[in-house]
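J.: For reference, the structure I am asking about is given below.
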Amino acid sequence: MNLKDLAKAAKEFWNEYKNYKSGIIGLILLIVLVAVSIGAPLITSVEEYNNWYNPTYWKENPKNVPPMWINFLSRKKMPVHESFFIDANGFEYQDLGNTRVYTTTIVYNFKYDEEPTDISVRVIGKLAQENNVSIKITVNRPDGYKLFLYSAYSSLPEAYENYSSKTIAFATSSKIGRNIINWASQFESEENLRTAYQKPTYGSWVIRVLFSEAKTGILVGEAPPLKGEYKFGISISFFDKKSTLYGVKLTIAGKVFGWMGTDSYGRDLFVGIVWGCRLALIIGVLTSVISTFVGVFYGVLSAYKGGLIDELMQRIYEIVASIPIFPILLILSWKFGATVWNLALLMSLFWWTGPVKTVRSMALQIREETYVEAAKAIGAGTWRIITKYIISQIIPYAFAIMALNVPGAILTEAGISFLLGGRGTQEPTWGKILHDAAVSGATLKGLWWWVISPGVMITLTGLTFVLIGSALDKILNPMLKR
Amino acid sequence: MTQLLEAQINERVQADVLAYVKRLQASGTAPNEDELKKYAEERRLLYEKQYGLDKPIWIRIFYRVKDVMTFNLGKATTEQISYAGSRDVKTIILGYLPNTVFLFTTGTLITIVIGLFLGLQVAKRVGSFMDRFISILAMVSNSLPMWWTGLLLIFLFSFYFRIFPAGGMHTLPPPQDKLLYVIDFLWHLTLPLLTIVLVSFGGWAYIIRNLVIGTLQQDFVMAARAKGLPERKVLYGHVLKAVSPSIVTMSILSIVNSLWGAMITEGIFNWPGIGRLYWIALETNDMAIVIGLTYVFTLIWLIALIVIDLLYGLLDPRVRVGIS
């Protein structure tokens, strides 16, 4: 078959395929899925994927919060997670001899109906000496009040890439809490003050005070939120010549996050879903391609050889086909600690039985065709006859089987990952995200975004291949042709 | 397996040595270090012989297979798995089986009935809205994880509406009154049952639709119609009879399959059935249970295949006559 024939055949096939609406939908979905899995490093970042199991990487994200598009659905607008990074060039710099002072203002536009869960300021730099930096934080509220929040000498204890850093989280700092409460007390009634003084001087209720209108009830959560621009003034002083500032990160931990919300570690589920797409396709496609090819070849060989070999191969087939696959895969992937690649190979080990029966019956028919006989007569070998004359006839049908096998493989992997969690596949597959969700009781806590998106993706990916497969089946399966 | 047995033997030897020391102390003699070691070694050899560990592995495998074949399935290794205080594998399997039957076999039966009904209805009106809906539903449910659907239903009905319990078979403690007990059981049964039916009835309806449509194009249907038989009679009398062998096959296979339960779905609903038993056995490395379950259910499966072959002869006259 030369190239021209191939192009013609492809065109004919396309003309027929075009008529199946479901097939077209499946194809579009497939293109999207492939694009997402190839573009995963661009859509999210490799860094996020590599740090999936590193809880400190996700520390600044709010935990268990829904996706941000719920703001379009509800009247009450929730604060979106935002972070601002100002590098050293964005600071005003003053050199006072032994003291060098960096100051900057970060403007946060607050336009929501609830306060953020937390605000944190992370100072990143390099210190020549311990306790040699002073950090000052103030805030200018939209109503003109200026609050002094924080001032302390400090070191930079946490590592941050090549630098070290210090994080000041407002909700957990009672220093900041006390400053805010003291300021707010002037607006408060006697009675409310008494209740407020019984609360701890930290916690998210303090953040609420910061974002409330300055009037009675501010300390007990009765004052409405004050919308507008909050200007955070940050000033950093070094008391030696060698220390350097890399930058400052201001994080407003919102009550909604990204496109798919976060889990209990604060991980961005969008990252998991996008990268899971790649893993699901690897598992599904690899398993079905390998197992279909093995199965087709096995069936053809069995039919062509016939006699005793056929009997023997059929018995082996029956034994493998009656093995309960799922528990065995479970044990194997558990004991050997599977990656998605290993798991795909393991699954192919048991899955090739699928097409054998059908292919064998097809091959039995083809074997009797005169052109096979002619090939035999001119002395073609077994291998040549099987590959050139028989399998080439079955190949189109094999593609349909292949597509229809993919959902099963993806479902099996998801099931294994769901049951085994960290002991199953090592990569964060969709099944594993669901495992994490189930372990932390997401359904009973109402964290729907954590449960729905992976499952929808599993179903959608499966559906894609079912749509394509059934269209191919209708076109290529000689038994369904009328 | 060997490791497990060795661990068991170790335990027993240690217990024996302790008893030996106590006996010696009671009689007033101080235990001798060398003597103790010798005693321990003696006991170990005795037990190894008892357990058959002194024989080569292929003989052990042979005996093990013989035991399993003759339903001498042994005892569960850990206390964690037991039924009514018994650790006998047969008792455990028989104890857990009814729970799975109540859930999965009932679910399968309901699915078959709904699928049959819908499939026939849809086959009458090919291309209608309902027909297309069933086709799409079948495709979606083909790639829908049952356990995920279960999670969603738990979220919807247990968390959001708070109508049904999230899992288990009974409220704790279960009600004493017989009637209330049954109602309580049914109340717990509803959600998992709904999950099973929801996930599988679309596929069933679609398969039956295809079977019926295929048969409707046969000549004998045209003949029946030409005779002037009412459409009802054609469908239920002639077509249904012609497709019944396939339907019976599928039904038997899925009922037998339902005895397995489902590991994950049972886990999610905390349903003490065969699937969960299997999973716990895998987790606790309880090989006696795993081997027993696998053997028994493979056997049931093979028996079902034979029964189907026999039934085919009964249902399809062509098979009975033979092609000769």
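Letters A, B, ... go to the chains of the structure tokens in the order shown; residues in each chain start at 1; ligands are counted from 1 in the same order.
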Please, which residues of chain A lie no more than 8 Å from chain B when the count uses only C-alpha atoms, and can they be set out as a ChimeraX atom specification?

T.: /A:322-324,331,407-408,411,415,419,443-446,448,451-452,455,458-463,466-467

J.: Excluding Asp113 in chain A and any residue of its chain fewer than 5 positions from it, enumerate the residues within 10 Å of it, using only C-alpha atoms, and give them as a list in words.

T.: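 My list of contacting residues is Arg75, Lys76, Lys77, Met78, Pro79, Phe211, Pro224, Pro225, Leu226 and Lys227 of chain A.
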
J.: Give the alpha helix (DSSP H) residues of range 5-67 of chain B, as assigned by DSSP on the backbone, as a PyMOL selection string.

T.: chain B and resi 5-27+33-51+57-67

J.: Near Asn32 in chain B, within 12 Å and counting only C-alpha atoms, which residues show up once chain neighbours fewer than 6 positions away are dropped, as a CSV table (one decimal) with C-alpha atoms, in the first residue's frame?

T.:
```
chain,number,residue,atom,x,y,z
B,17,VAL,CA,9.6,-22.0,76.5
B,20,TYR,CA,8.7,-24.7,80.5
B,21,VAL,CA,10.6,-22.0,82.6
B,24,LEU,CA,11.0,-25.5,86.3
B,25,GLN,CA,10.7,-22.7,88.7
B,38,LYS,CA,17.8,-27.1,73.3
B,39,TYR,CA,14.2,-27.3,74.4
```

J.: Contacts of Phe257 in chain A at 8 Å or less, counting only C-alpha atoms, minus same-chain residues fewer than 2 places along, as a list in words?

T.: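 So the residues in contact are Pro62, Val65, Pro66, Pro67, Met68, Val80, His81, Gly254, Lys255, Trp259, Met260, Gly261, Thr262 and Asp268 of chain A.
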
J.: Take the selection from the previous step and output its residues with all heavy atoms, as an mmCIF file, in the first residue's frame.

T.:
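Okay, this is what ended up in out.cif:
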```cif
data_model
loop_
_atom_site.group_PDB
_atom_site.id
_atom_site.type_symbol
_atom_site.label_atom_id
_atom_site.label_comp_id
_atom_site.auth_asym_id
_atom_site.auth_seq_id
_atom_site.Cartn_x
_atom_site.Cartn_y
_atom_site.Cartn_z
ATOM 1 N N PRO A 62 -5.035 28.798 51.420
ATOM 2 C CA PRO A 62 -6.114 28.479 52.356
ATOM 3 C C PRO A 62 -6.495 27.013 52.196
ATOM 4 O O PRO A 62 -6.366 26.445 51.118
ATOM 5 C CB PRO A 62 -7.247 29.390 51.905
ATOM 6 C CG PRO A 62 -6.972 29.675 50.479
ATOM 7 C CD PRO A 62 -5.482 29.682 50.343
ATOM 8 N N VAL A 65 -10.922 25.195 50.721
ATOM 9 C CA VAL A 65 -11.808 26.262 50.235
ATOM 10 C C VAL A 65 -12.306 25.938 48.823
ATOM 11 O O VAL A 65 -11.609 25.305 48.037
ATOM 12 C CB VAL A 65 -11.122 27.649 50.235
ATOM 13 C CG1 VAL A 65 -10.752 28.044 51.635
ATOM 14 C CG2 VAL A 65 -9.926 27.672 49.325
ATOM 15 N N PRO A 66 -13.524 26.361 48.517
ATOM 16 C CA PRO A 66 -14.117 26.061 47.213
ATOM 17 C C PRO A 66 -13.485 26.882 46.088
ATOM 18 O O PRO A 66 -12.751 27.828 46.349
ATOM 19 C CB PRO A 66 -15.583 26.459 47.402
ATOM 20 C CG PRO A 66 -15.585 27.412 48.526
ATOM 21 C CD PRO A 66 -14.459 27.038 49.412
ATOM 22 N N PRO A 67 -13.758 26.522 44.845
ATOM 23 C CA PRO A 67 -13.236 27.287 43.707
ATOM 24 C C PRO A 67 -13.823 28.691 43.644
ATOM 25 O O PRO A 67 -14.892 28.951 44.195
ATOM 26 C CB PRO A 67 -13.671 26.455 42.498
ATOM 27 C CG PRO A 67 -14.788 25.618 42.980
ATOM 28 C CD PRO A 67 -14.511 25.341 44.417
ATOM 29 N N MET A 68 -13.130 29.594 42.945
ATOM 30 C CA MET A 68 -13.550 30.997 43.006
ATOM 31 C C MET A 68 -14.781 31.296 42.161
ATOM 32 O O MET A 68 -15.430 32.303 42.369
ATOM 33 C CB MET A 68 -12.396 31.911 42.605
ATOM 34 C CG MET A 68 -11.920 31.779 41.193
ATOM 35 S SD MET A 68 -10.487 32.846 40.990
ATOM 36 C CE MET A 68 -10.139 32.629 39.270
ATOM 37 N N VAL A 80 -11.154 36.292 47.124
ATOM 38 C CA VAL A 80 -10.336 35.405 46.296
ATOM 39 C C VAL A 80 -8.926 35.394 46.863
ATOM 40 O O VAL A 80 -8.449 36.380 47.403
ATOM 41 C CB VAL A 80 -10.336 35.910 44.845
ATOM 42 C CG1 VAL A 80 -9.404 35.089 43.983
ATOM 43 C CG2 VAL A 80 -11.728 35.896 44.279
ATOM 44 N N HIS A 81 -8.284 34.248 46.727
ATOM 45 C CA HIS A 81 -6.904 34.144 47.183
ATOM 46 C C HIS A 81 -5.999 34.987 46.286
ATOM 47 O O HIS A 81 -6.038 34.874 45.076
ATOM 48 C CB HIS A 81 -6.470 32.691 47.132
ATOM 49 C CG HIS A 81 -5.105 32.466 47.667
ATOM 50 N ND1 HIS A 81 -4.875 32.275 49.008
ATOM 51 C CD2 HIS A 81 -3.900 32.417 47.063
ATOM 52 C CE1 HIS A 81 -3.579 32.109 49.201
ATOM 53 N NE2 HIS A 81 -2.971 32.189 48.036
ATOM 54 N N GLY A 254 -7.578 33.618 50.807
ATOM 55 C CA GLY A 254 -8.985 33.895 50.587
ATOM 56 C C GLY A 254 -9.881 32.776 51.072
ATOM 57 O O GLY A 254 -9.432 31.809 51.681
ATOM 58 N N LYS A 255 -11.164 32.932 50.795
ATOM 59 C CA LYS A 255 -12.098 31.865 51.104
ATOM 60 C C LYS A 255 -12.496 31.094 49.852
ATOM 61 O O LYS A 255 -13.269 30.154 49.926
ATOM 62 C CB LYS A 255 -13.335 32.438 51.787
ATOM 63 C CG LYS A 255 -13.027 32.790 53.228
ATOM 64 C CD LYS A 255 -14.234 33.136 54.000
ATOM 65 C CE LYS A 255 -13.881 33.246 55.462
ATOM 66 N NZ LYS A 255 -14.872 33.991 56.219
ATOM 67 N N TRP A 259 -9.474 27.531 40.191
ATOM 68 C CA TRP A 259 -10.592 27.002 39.418
ATOM 69 C C TRP A 259 -11.241 25.795 40.079
ATOM 70 O O TRP A 259 -12.367 25.454 39.775
ATOM 71 C CB TRP A 259 -10.127 26.617 38.013
ATOM 72 C CG TRP A 259 -9.752 27.813 37.223
ATOM 73 C CD1 TRP A 259 -8.493 28.224 36.913
ATOM 74 C CD2 TRP A 259 -10.642 28.784 36.692
ATOM 75 N NE1 TRP A 259 -8.541 29.394 36.217
ATOM 76 C CE2 TRP A 259 -9.845 29.764 36.058
ATOM 77 C CE3 TRP A 259 -12.036 28.934 36.684
ATOM 78 C CZ2 TRP A 259 -10.397 30.872 35.424
ATOM 79 C CZ3 TRP A 259 -12.572 30.028 36.044
ATOM 80 C CH2 TRP A 259 -11.768 30.977 35.426
ATOM 81 N N MET A 260 -10.506 25.141 40.955
ATOM 82 C CA MET A 260 -11.058 23.929 41.522
ATOM 83 C C MET A 260 -10.919 23.834 43.026
ATOM 84 O O MET A 260 -11.114 22.775 43.609
ATOM 85 C CB MET A 260 -10.411 22.713 40.873
ATOM 86 C CG MET A 260 -10.902 22.529 39.453
ATOM 87 S SD MET A 260 -10.130 21.193 38.614
ATOM 88 C CE MET A 260 -10.936 21.351 37.026
ATOM 89 N N GLY A 261 -10.574 24.933 43.674
ATOM 90 C CA GLY A 261 -10.491 24.912 45.126
ATOM 91 C C GLY A 261 -9.242 24.211 45.635
ATOM 92 O O GLY A 261 -8.359 23.846 44.869
ATOM 93 N N THR A 262 -9.172 24.051 46.943
ATOM 94 C CA THR A 262 -7.998 23.402 47.537
ATOM 95 C C THR A 262 -8.441 22.268 48.443
ATOM 96 O O THR A 262 -9.591 22.186 48.842
ATOM 97 C CB THR A 262 -7.184 24.390 48.394
ATOM 98 O OG1 THR A 262 -8.006 24.853 49.459
ATOM 99 C CG2 THR A 262 -6.694 25.546 47.586
ATOM 100 N N ASP A 268 -3.545 23.145 45.454
ATOM 101 C CA ASP A 268 -4.427 23.612 44.402
ATOM 102 C C ASP A 268 -4.896 22.394 43.598
ATOM 103 O O ASP A 268 -4.108 21.774 42.891
ATOM 104 C CB ASP A 268 -3.647 24.589 43.510
ATOM 105 C CG ASP A 268 -4.534 25.177 42.435
ATOM 106 O OD1 ASP A 268 -5.721 24.813 42.394
ATOM 107 O OD2 ASP A 268 -4.037 26.007 41.660
#
```

J.: Any idea what's packed within 7 Å of range 168-177 of chain A, counting only C-alpha atoms, ignoring anything in its chain fewer than 2 positions away? Could you give it as number ranges by chain?

T.: A: 118-122, 149-150, 166, 179-181, 201-204, 206-207

J.: Counting only C-alpha atoms, give me one row per residue of range 213-276 of chain B with an atom at most 9 Å from an atom of range 176-199 of chain B, showing the shortest contact pair and its distance in Å to one decimal, sorted by chain then residue number, as CSV.

T.:
```
residue,atom,partner,partner_atom,distance
B:Thr265,CA,B:Pro192,CA,7.8
B:Glu266,CA,B:Pro192,CA,8.2
B:Phe269,CA,B:Pro192,CA,6.7
B:Trp271,CA,B:Pro192,CA,8.8
```

J.: Quick one: residues within 8 Å of range 232-244 of chain A, only C-alpha atoms, excluding same-chain residues fewer than 5 positions away - as a PyMOL selection string?

T.: chain A and resi 98-108+125-129+132-140

J.: Taking the chain letters and numbering used in this document, name the residues of range 37-269 of chain B that DSSP puts in strand (DSSP E or B), as a list in words.

T.: Lys75, Tyr83, Ser86 and Asp88 of chain B

J.: Write to file, as a CSV table (one decimal), in the first residue's frame, the residues of the selection just made, with N, CA and C atoms.

T.:
```csv
chain,number,residue,atom,x,y,z
B,75,LYS,N,-8.3,-21.6,58.8
B,75,LYS,CA,-8.8,-20.6,59.7
B,75,LYS,C,-8.1,-19.3,59.4
B,83,TYR,N,-16.4,-14.2,62.2
B,83,TYR,CA,-17.8,-14.1,62.1
B,83,TYR,C,-18.5,-14.8,63.3
B,86,SER,N,-16.2,-17.0,65.3
B,86,SER,CA,-15.6,-18.1,64.6
B,86,SER,C,-14.5,-17.6,63.6
B,88,ASP,N,-13.2,-19.7,61.4
B,88,ASP,CA,-13.2,-20.7,60.3
B,88,ASP,C,-13.6,-20.0,59.0
```

J.: What does the distance from CA of Asn270 in chain B to CA of Gly421 in chain A come to in Å, to one decimal?

T.: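 Going from CA of Asn270 in chain B over to CA of Gly421 in chain A, I get 17.7 Å.
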
J.: For a quick check of understanding, using only C-alpha atoms, which of A:Thr353, A:Thr292, A:Thr412, A:Thr425 has the smallest distance to Ser333 in chain A?

T.: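 Checking each candidate against Ser333 in chain A, we get A:Thr425 as the closest.
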
J.: CA of Gln365 in chain A and CA of Gln393 in chain A, how far apart in Å?

T.: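 Result for CA of Gln393 in chain A versus CA of Gln365 in chain A: 11.1 Å, one decimal.
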
J.: Between CA of Arg87 in chain B and CA of Glu6 in chain B, what distance in Å does the model show, to one decimal?

T.: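 According to the coordinates, CA of Arg87 in chain B and CA of Glu6 in chain B are separated by 19.6 Å.
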